[in-house]
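work_33.cif (mmCIF, C-alpha atoms) appears below.
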```cif
data_final
loop_
_atom_site.group_PDB
_atom_site.id
_atom_site.type_symbol
_atom_site.label_atom_id
_atom_site.label_comp_id
_atom_site.auth_asym_id
_atom_site.auth_seq_id
_atom_site.Cartn_x
_atom_site.Cartn_y
_atom_site.Cartn_z
ATOM 1 C CA HIS A 6 0.000 0.000 0.000
ATOM 2 C CA SER A 7 1.181 3.556 -0.567
ATOM 3 C CA ASN A 8 0.160 7.030 0.496
ATOM 4 C CA SER A 9 1.691 10.085 -1.187
ATOM 5 C CA PRO A 10 1.573 13.898 -0.985
ATOM 6 C CA ARG A 11 1.184 14.393 -4.755
ATOM 7 C CA ASP A 12 0.802 18.141 -4.421
ATOM 8 C CA ILE A 13 4.110 18.465 -2.524
ATOM 9 C CA ILE A 14 6.565 16.409 -4.596
ATOM 10 C CA GLN A 15 7.658 18.590 -7.542
ATOM 11 C CA LYS A 16 8.345 17.363 -11.050
ATOM 12 C CA HIS A 17 11.893 17.438 -12.439
ATOM 13 C CA GLN A 18 13.440 17.747 -8.964
ATOM 14 C CA SER A 19 16.028 15.422 -7.447
ATOM 15 C CA TYR A 20 15.080 14.065 -4.024
ATOM 16 C CA LEU A 21 16.651 11.992 -1.296
ATOM 17 C CA PHE A 22 13.972 9.528 -0.256
ATOM 18 C CA LEU A 23 14.901 8.230 3.211
ATOM 19 C CA TYR A 24 13.286 4.940 4.165
ATOM 20 C CA HIS A 25 12.795 3.831 7.772
ATOM 21 C CA PRO A 26 13.244 1.215 9.169
ATOM 22 C CA HIS A 27 15.755 -0.963 7.351
ATOM 23 C CA GLY A 28 14.169 -4.265 8.337
ATOM 24 C CA VAL A 29 15.991 -7.368 7.120
ATOM 25 C CA ILE A 30 16.083 -6.527 3.397
ATOM 26 C CA SER A 31 13.957 -3.348 3.069
ATOM 27 C CA ILE A 32 11.090 -5.017 1.225
ATOM 28 C CA GLY A 33 8.878 -1.933 1.414
ATOM 29 C CA ALA A 34 11.590 0.270 -0.086
ATOM 30 C CA LEU A 35 12.117 -2.035 -3.043
ATOM 31 C CA GLY A 36 8.465 -2.792 -3.692
ATOM 32 C CA GLY A 37 7.066 0.644 -2.949
ATOM 33 C CA LEU A 38 9.732 3.042 -4.208
ATOM 34 C CA ILE A 39 12.315 1.413 -6.472
ATOM 35 C CA THR A 40 9.855 -0.638 -8.533
ATOM 36 C CA ASN A 41 6.314 0.267 -9.555
ATOM 37 C CA GLY A 42 4.775 -2.414 -7.347
ATOM 38 C CA CYS A 43 2.699 0.315 -5.660
ATOM 39 C CA ASN A 44 2.232 2.447 -8.797
ATOM 40 C CA PHE A 45 4.917 4.928 -7.778
ATOM 41 C CA SER A 46 5.060 6.498 -11.241
ATOM 42 C CA LYS A 47 1.337 7.241 -11.117
ATOM 43 C CA ALA A 48 1.550 8.647 -7.587
ATOM 44 C CA PHE A 49 4.484 10.896 -8.533
ATOM 45 C CA PRO A 50 4.115 11.690 -12.254
ATOM 46 C CA GLY A 51 7.024 13.528 -13.799
ATOM 47 C CA LEU A 52 9.535 12.550 -11.156
ATOM 48 C CA GLY A 53 12.785 11.323 -12.683
ATOM 49 C CA ARG A 54 14.392 7.947 -12.253
ATOM 50 C CA ARG A 55 14.902 6.627 -8.736
ATOM 51 C CA ARG A 56 17.987 4.677 -7.754
ATOM 52 C CA GLY A 57 18.408 2.653 -4.615
ATOM 53 C CA VAL A 58 21.645 2.832 -2.663
ATOM 54 C CA THR A 59 23.335 -0.274 -1.330
ATOM 55 C CA LEU A 60 26.637 -1.385 0.176
ATOM 56 C CA ASN A 61 29.756 -1.363 -1.991
ATOM 57 C CA VAL A 62 30.330 -5.026 -1.155
ATOM 58 C CA CYS A 63 27.139 -5.954 -3.037
ATOM 59 C CA PHE A 64 28.877 -5.111 -6.306
ATOM 60 C CA ALA A 65 31.776 -7.455 -5.546
ATOM 61 C CA VAL A 66 29.623 -10.609 -5.670
ATOM 62 C CA PRO A 67 29.205 -12.139 -9.159
ATOM 63 C CA PHE A 68 25.602 -12.515 -10.399
ATOM 64 C CA TYR A 69 24.303 -10.640 -7.344
ATOM 65 C CA ARG A 70 26.057 -7.585 -8.755
ATOM 66 C CA GLU A 71 24.209 -8.010 -12.060
ATOM 67 C CA TRP A 72 20.889 -8.261 -10.225
ATOM 68 C CA MET A 73 21.649 -5.029 -8.355
ATOM 69 C CA LEU A 74 22.515 -3.289 -11.629
ATOM 70 C CA LEU A 75 19.302 -4.504 -13.257
ATOM 71 C CA LEU A 76 17.376 -2.929 -10.364
ATOM 72 C CA GLY A 77 19.202 0.348 -10.999
ATOM 73 C CA MET A 78 21.028 0.256 -7.682
ATOM 74 C CA VAL A 79 24.189 2.302 -7.069
ATOM 75 C CA SER A 80 26.950 1.939 -4.500
ATOM 76 C CA ALA A 81 27.012 4.017 -1.326
ATOM 77 C CA ASN A 82 29.896 6.117 -2.576
ATOM 78 C CA LYS A 83 29.600 9.863 -2.025
ATOM 79 C CA THR A 84 31.012 10.768 -5.435
ATOM 80 C CA THR A 85 28.576 8.412 -7.168
ATOM 81 C CA LEU A 86 25.605 9.695 -5.183
ATOM 82 C CA LYS A 87 26.419 13.303 -6.034
ATOM 83 C CA LYS A 88 26.652 12.471 -9.743
ATOM 84 C CA VAL A 89 23.250 10.770 -9.663
ATOM 85 C CA LEU A 90 21.610 13.772 -7.987
ATOM 86 C CA HIS A 91 23.298 16.324 -10.262
ATOM 87 C CA ARG A 92 21.963 14.608 -13.371
ATOM 88 C CA GLY A 93 18.396 14.973 -12.142
ATOM 89 C CA GLU A 94 17.723 11.538 -10.684
ATOM 90 C CA SER A 95 16.507 10.781 -7.170
ATOM 91 C CA LEU A 96 18.008 8.447 -4.604
ATOM 92 C CA LEU A 97 16.487 6.075 -2.096
ATOM 93 C CA LEU A 98 18.617 5.625 1.007
ATOM 94 C CA VAL A 99 18.024 3.697 4.196
ATOM 95 C CA PRO A 100 19.872 5.855 6.764
ATOM 96 C CA GLY A 101 19.788 3.180 9.474
ATOM 97 C CA GLY A 102 21.967 1.009 7.273
ATOM 98 C CA ALA A 103 22.853 -2.604 7.775
ATOM 99 C CA ALA A 104 23.269 -2.086 11.527
ATOM 100 C CA GLU A 105 19.561 -1.333 11.825
ATOM 101 C CA ALA A 106 18.764 -4.778 10.411
ATOM 102 C CA LEU A 107 19.914 -6.214 13.734
ATOM 103 C CA TYR A 108 17.008 -4.383 15.409
ATOM 104 C CA ALA A 109 14.370 -5.696 12.984
ATOM 105 C CA GLN A 110 12.230 -7.263 15.673
ATOM 106 C CA PRO A 111 8.577 -7.884 14.753
ATOM 107 C CA ARG A 112 6.076 -5.350 16.168
ATOM 108 C CA ARG A 113 8.866 -2.967 17.173
ATOM 109 C CA PHE A 114 10.064 0.219 15.450
ATOM 110 C CA ARG A 115 13.630 0.915 16.556
ATOM 111 C CA LEU A 116 15.842 3.180 14.446
ATOM 112 C CA ASN A 117 19.594 3.664 14.185
ATOM 113 C CA LEU A 118 19.521 7.367 13.360
ATOM 114 C CA ARG A 119 21.119 9.443 16.114
ATOM 115 C CA LYS A 120 24.661 9.347 14.724
ATOM 116 C CA ARG A 121 23.739 8.926 11.060
ATOM 117 C CA LYS A 122 24.387 12.305 9.446
ATOM 118 C CA GLY A 123 25.966 11.488 6.090
ATOM 119 C CA PHE A 124 22.639 11.778 4.282
ATOM 120 C CA ILE A 125 22.169 15.257 5.780
ATOM 121 C CA LYS A 126 25.588 16.362 4.496
ATOM 122 C CA LEU A 127 24.759 14.983 1.042
ATOM 123 C CA ALA A 128 21.441 16.846 0.965
ATOM 124 C CA MET A 129 23.035 20.125 2.047
ATOM 125 C CA GLU A 130 25.921 19.868 -0.417
ATOM 126 C CA THR A 131 23.658 19.101 -3.391
ATOM 127 C CA GLY A 132 20.633 21.213 -2.428
ATOM 128 C CA SER A 133 18.385 18.173 -2.640
ATOM 129 C CA PRO A 134 15.273 18.013 -0.440
ATOM 130 C CA VAL A 135 15.013 14.970 1.844
ATOM 131 C CA VAL A 136 11.759 13.028 1.967
ATOM 132 C CA PRO A 137 11.016 10.888 5.053
ATOM 133 C CA VAL A 138 9.401 7.559 4.194
ATOM 134 C CA LEU A 139 8.093 5.138 6.810
ATOM 135 C CA GLY A 140 7.425 1.472 6.151
ATOM 136 C CA PHE A 141 4.896 0.374 8.768
ATOM 137 C CA GLY A 142 5.095 -3.406 8.961
ATOM 138 C CA GLU A 143 8.623 -3.678 7.530
ATOM 139 C CA ASN A 144 9.953 -5.290 10.701
ATOM 140 C CA ASN A 145 7.121 -7.824 10.645
ATOM 141 C CA SER A 146 8.296 -9.291 7.328
ATOM 142 C CA PHE A 147 10.693 -11.748 8.953
ATOM 143 C CA SER A 148 10.762 -13.516 12.282
ATOM 144 C CA VAL A 149 13.997 -12.252 13.843
ATOM 145 C CA HIS A 150 15.583 -12.926 17.210
ATOM 146 C CA VAL A 151 17.036 -9.722 18.672
ATOM 147 C CA PRO A 152 19.371 -10.450 21.617
ATOM 148 C CA THR A 153 19.643 -8.138 24.611
ATOM 149 C CA ASP A 154 22.188 -5.349 24.150
ATOM 150 C CA GLU A 155 24.854 -6.681 26.518
ATOM 151 C CA SER A 156 24.570 -10.380 25.671
ATOM 152 C CA PHE A 157 27.347 -12.409 24.051
ATOM 153 C CA LEU A 158 25.262 -12.906 20.919
ATOM 154 C CA ALA A 159 24.687 -9.143 20.570
ATOM 155 C CA ARG A 160 28.433 -8.496 20.841
ATOM 156 C CA LEU A 161 29.146 -11.258 18.316
ATOM 157 C CA LEU A 162 26.653 -9.843 15.799
ATOM 158 C CA ASP A 163 28.104 -6.359 16.249
ATOM 159 C CA TRP A 164 31.634 -7.691 15.692
ATOM 160 C CA MET A 165 30.507 -9.527 12.543
ATOM 161 C CA TYR A 166 28.842 -6.358 11.257
ATOM 162 C CA ARG A 167 31.993 -4.298 11.768
ATOM 163 C CA ALA A 168 34.195 -6.962 10.193
ATOM 164 C CA LEU A 169 31.975 -7.738 7.195
ATOM 165 C CA THR A 170 30.334 -4.269 6.758
ATOM 166 C CA PHE A 171 26.935 -5.956 6.499
ATOM 167 C CA ALA A 172 24.628 -7.336 9.189
ATOM 168 C CA VAL A 173 23.628 -10.941 9.773
ATOM 169 C CA PRO A 174 20.297 -10.956 11.657
ATOM 170 C CA VAL A 175 19.332 -14.140 13.497
ATOM 171 C CA LEU A 176 16.364 -15.357 11.450
ATOM 172 C CA MET A 177 13.953 -17.761 13.106
ATOM 173 C CA SER A 178 12.802 -18.714 9.603
ATOM 174 C CA PRO A 179 14.485 -18.018 6.245
ATOM 175 C CA PHE A 180 11.136 -17.285 4.624
ATOM 176 C CA PRO A 181 9.372 -13.898 4.778
ATOM 177 C CA GLN A 182 6.055 -13.672 6.599
ATOM 178 C CA ARG A 183 2.829 -12.866 4.752
ATOM 179 C CA ASN A 184 2.458 -9.364 6.098
ATOM 180 C CA PRO A 185 1.277 -5.992 4.696
ATOM 181 C CA ILE A 186 3.715 -3.088 4.591
ATOM 182 C CA HIS A 187 2.180 0.384 4.509
ATOM 183 C CA VAL A 188 4.642 2.784 2.852
ATOM 184 C CA VAL A 189 3.918 6.393 3.847
ATOM 185 C CA VAL A 190 5.720 9.222 2.032
ATOM 186 C CA GLY A 191 6.110 12.408 4.055
ATOM 187 C CA LYS A 192 6.602 16.075 3.232
ATOM 188 C CA PRO A 193 9.992 17.023 1.724
ATOM 189 C CA VAL A 194 12.417 18.960 3.918
ATOM 190 C CA LYS A 195 14.879 21.355 2.311
ATOM 191 C CA PHE A 196 17.741 22.939 4.235
ATOM 192 C CA GLU A 197 17.828 26.394 2.686
ATOM 193 C CA ASP A 198 19.527 28.289 5.509
ATOM 194 C CA ALA A 199 23.191 28.552 4.517
ATOM 195 C CA LYS A 200 24.165 29.132 8.152
ATOM 196 C CA MET A 201 22.497 25.937 9.376
ATOM 197 C CA SER A 202 24.930 23.331 10.694
ATOM 198 C CA VAL A 203 24.751 19.621 9.940
ATOM 199 C CA ASP A 204 23.694 18.933 13.527
ATOM 200 C CA GLU A 205 20.896 21.511 13.315
ATOM 201 C CA ALA A 206 19.672 20.094 10.000
ATOM 202 C CA HIS A 207 19.788 16.579 11.428
ATOM 203 C CA ALA A 208 17.750 17.670 14.450
ATOM 204 C CA LEU A 209 15.206 19.314 12.138
ATOM 205 C CA TYR A 210 14.832 16.118 10.135
ATOM 206 C CA VAL A 211 14.461 13.917 13.196
ATOM 207 C CA GLN A 212 11.648 16.164 14.478
#
```
Translate this file's structure into structure tokens.
Amino acid sequence: HSNSPRDIIQKHQSYLFLYHPHGVISIGALGGLITNGCNFSKAFPGLGRRRGVTLNVCFAVPFYREWMLLLGMVSANKTTLKKVLHRGESLLLVPGGAAEALYAQPRRFRLNLRKRKGFIKLAMETGSPVVPVLGFGENNSFSVHVPTDESFLARLLDWMYRALTFAVPVLMSPFPQRNPIHVVVGKPVKFEDAKMSVDEAHALYVQ
């Protein structure tokens, strides 16, 4: 399902769509924003191409790399992201990143956002508005065991994430659950005050 402020999103403008939460594999982001599974093109007519952003390591795996390219994905490289925005295309980022996948507990909505400010810097440097997008039900897509913060398993998963640069959630089942995801697109936020700091812009977005 999708809900969109059609009168707010402007045609021929590059946007940074920011999807929350990450979940295990961001099903709502792929189905609702990258593809036309929820009729995105009809909801936002005139908006240019949208490209999802994923980890650099995804392009190092044969065949998986080709699948990512077919989906129009680009690597999370600042130079690449700037080029995409400057040529009039929009980006879909998941600010919580792979680390947030470790919090993808069903019926909970926990974000990894407090120290994530790279997307704010990118928006300010390119003049691109940021668009908050919430995927209600994203964390219900998989049955995941989330250990307590100080447990051995939590420390092990954190170590694996830092070593591999991608998260390995503890799935209770490898198959996704039959569960609706309601993708809600919010009002764009543009940081037009040249004197605004990154921290101030980040605080404004989080509000």
remark   = Pairwise distance, CA of Val89 in chain A with CA of Gly37 in chain A, equals 20.2 Å
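Between CA of Ile39 in chain A and CA of Arg121 in chain A the interatomic distance comes to 22.2 Å.
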inquiry  = I'd like to see the residues matched by the PyMOL selection byres ((chain A and resi 138) around 8) on this file, and ideally I'd get them as JSON, numbers by chain.
reply    = {"A": [22, 23, 24, 25, 136, 137, 139, 140, 188, 189, 190, 191]}
query = Care to translate the PyMOL selection byres ((chain A and resi 142) around 12) into actual residues of this file, as a count of residues only?
reply = 32
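With distances taken over all atoms listed in the file, A:Ala206 is the one residue among A:Val151, A:Leu38, A:Lys192, A:Ala206 lying closest to Ala128 in chain A.
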How would you write, as a compact mmCIF listing (two decimals) with C-alpha atoms, in the coordinates of the input, the residues chosen by the PyMOL selection byres ((chain A and resi 207) around 12) on this structure?
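After the write, selection.txt holds the following:
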```
# COMPACT_ATOMS: atom_id res chain seq x y z
CA PRO A 100 19.87 5.86 6.76
CA LEU A 118 19.52 7.37 13.36
CA ARG A 119 21.12 9.44 16.11
CA LYS A 120 24.66 9.35 14.72
CA ARG A 121 23.74 8.93 11.06
CA LYS A 122 24.39 12.30 9.45
CA GLY A 123 25.97 11.49 6.09
CA PHE A 124 22.64 11.78 4.28
CA ILE A 125 22.17 15.26 5.78
CA LYS A 126 25.59 16.36 4.50
CA LEU A 127 24.76 14.98 1.04
CA ALA A 128 21.44 16.85 0.96
CA MET A 129 23.04 20.12 2.05
CA VAL A 135 15.01 14.97 1.84
CA VAL A 194 12.42 18.96 3.92
CA LYS A 195 14.88 21.36 2.31
CA PHE A 196 17.74 22.94 4.24
CA MET A 201 22.50 25.94 9.38
CA SER A 202 24.93 23.33 10.69
CA VAL A 203 24.75 19.62 9.94
CA ASP A 204 23.69 18.93 13.53
CA GLU A 205 20.90 21.51 13.32
CA ALA A 206 19.67 20.09 10.00
CA ALA A 208 17.75 17.67 14.45
CA LEU A 209 15.21 19.31 12.14
CA TYR A 210 14.83 16.12 10.14
CA VAL A 211 14.46 13.92 13.20
CA GLN A 212 11.65 16.16 14.48
```
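Relative to CA of Gly102 in chain A, CA of Ala65 in chain A is found at 18.2 Å.
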message = Can you pull out the residues contacting Thr85 in chain A? Cut-off 12 Å, using all atoms listed in the file, and skip same-chain residues under 6 positions away; I want them as a ChimeraX atom specification.
response = /A:56-59,61,78-79,91-92,94,96,127
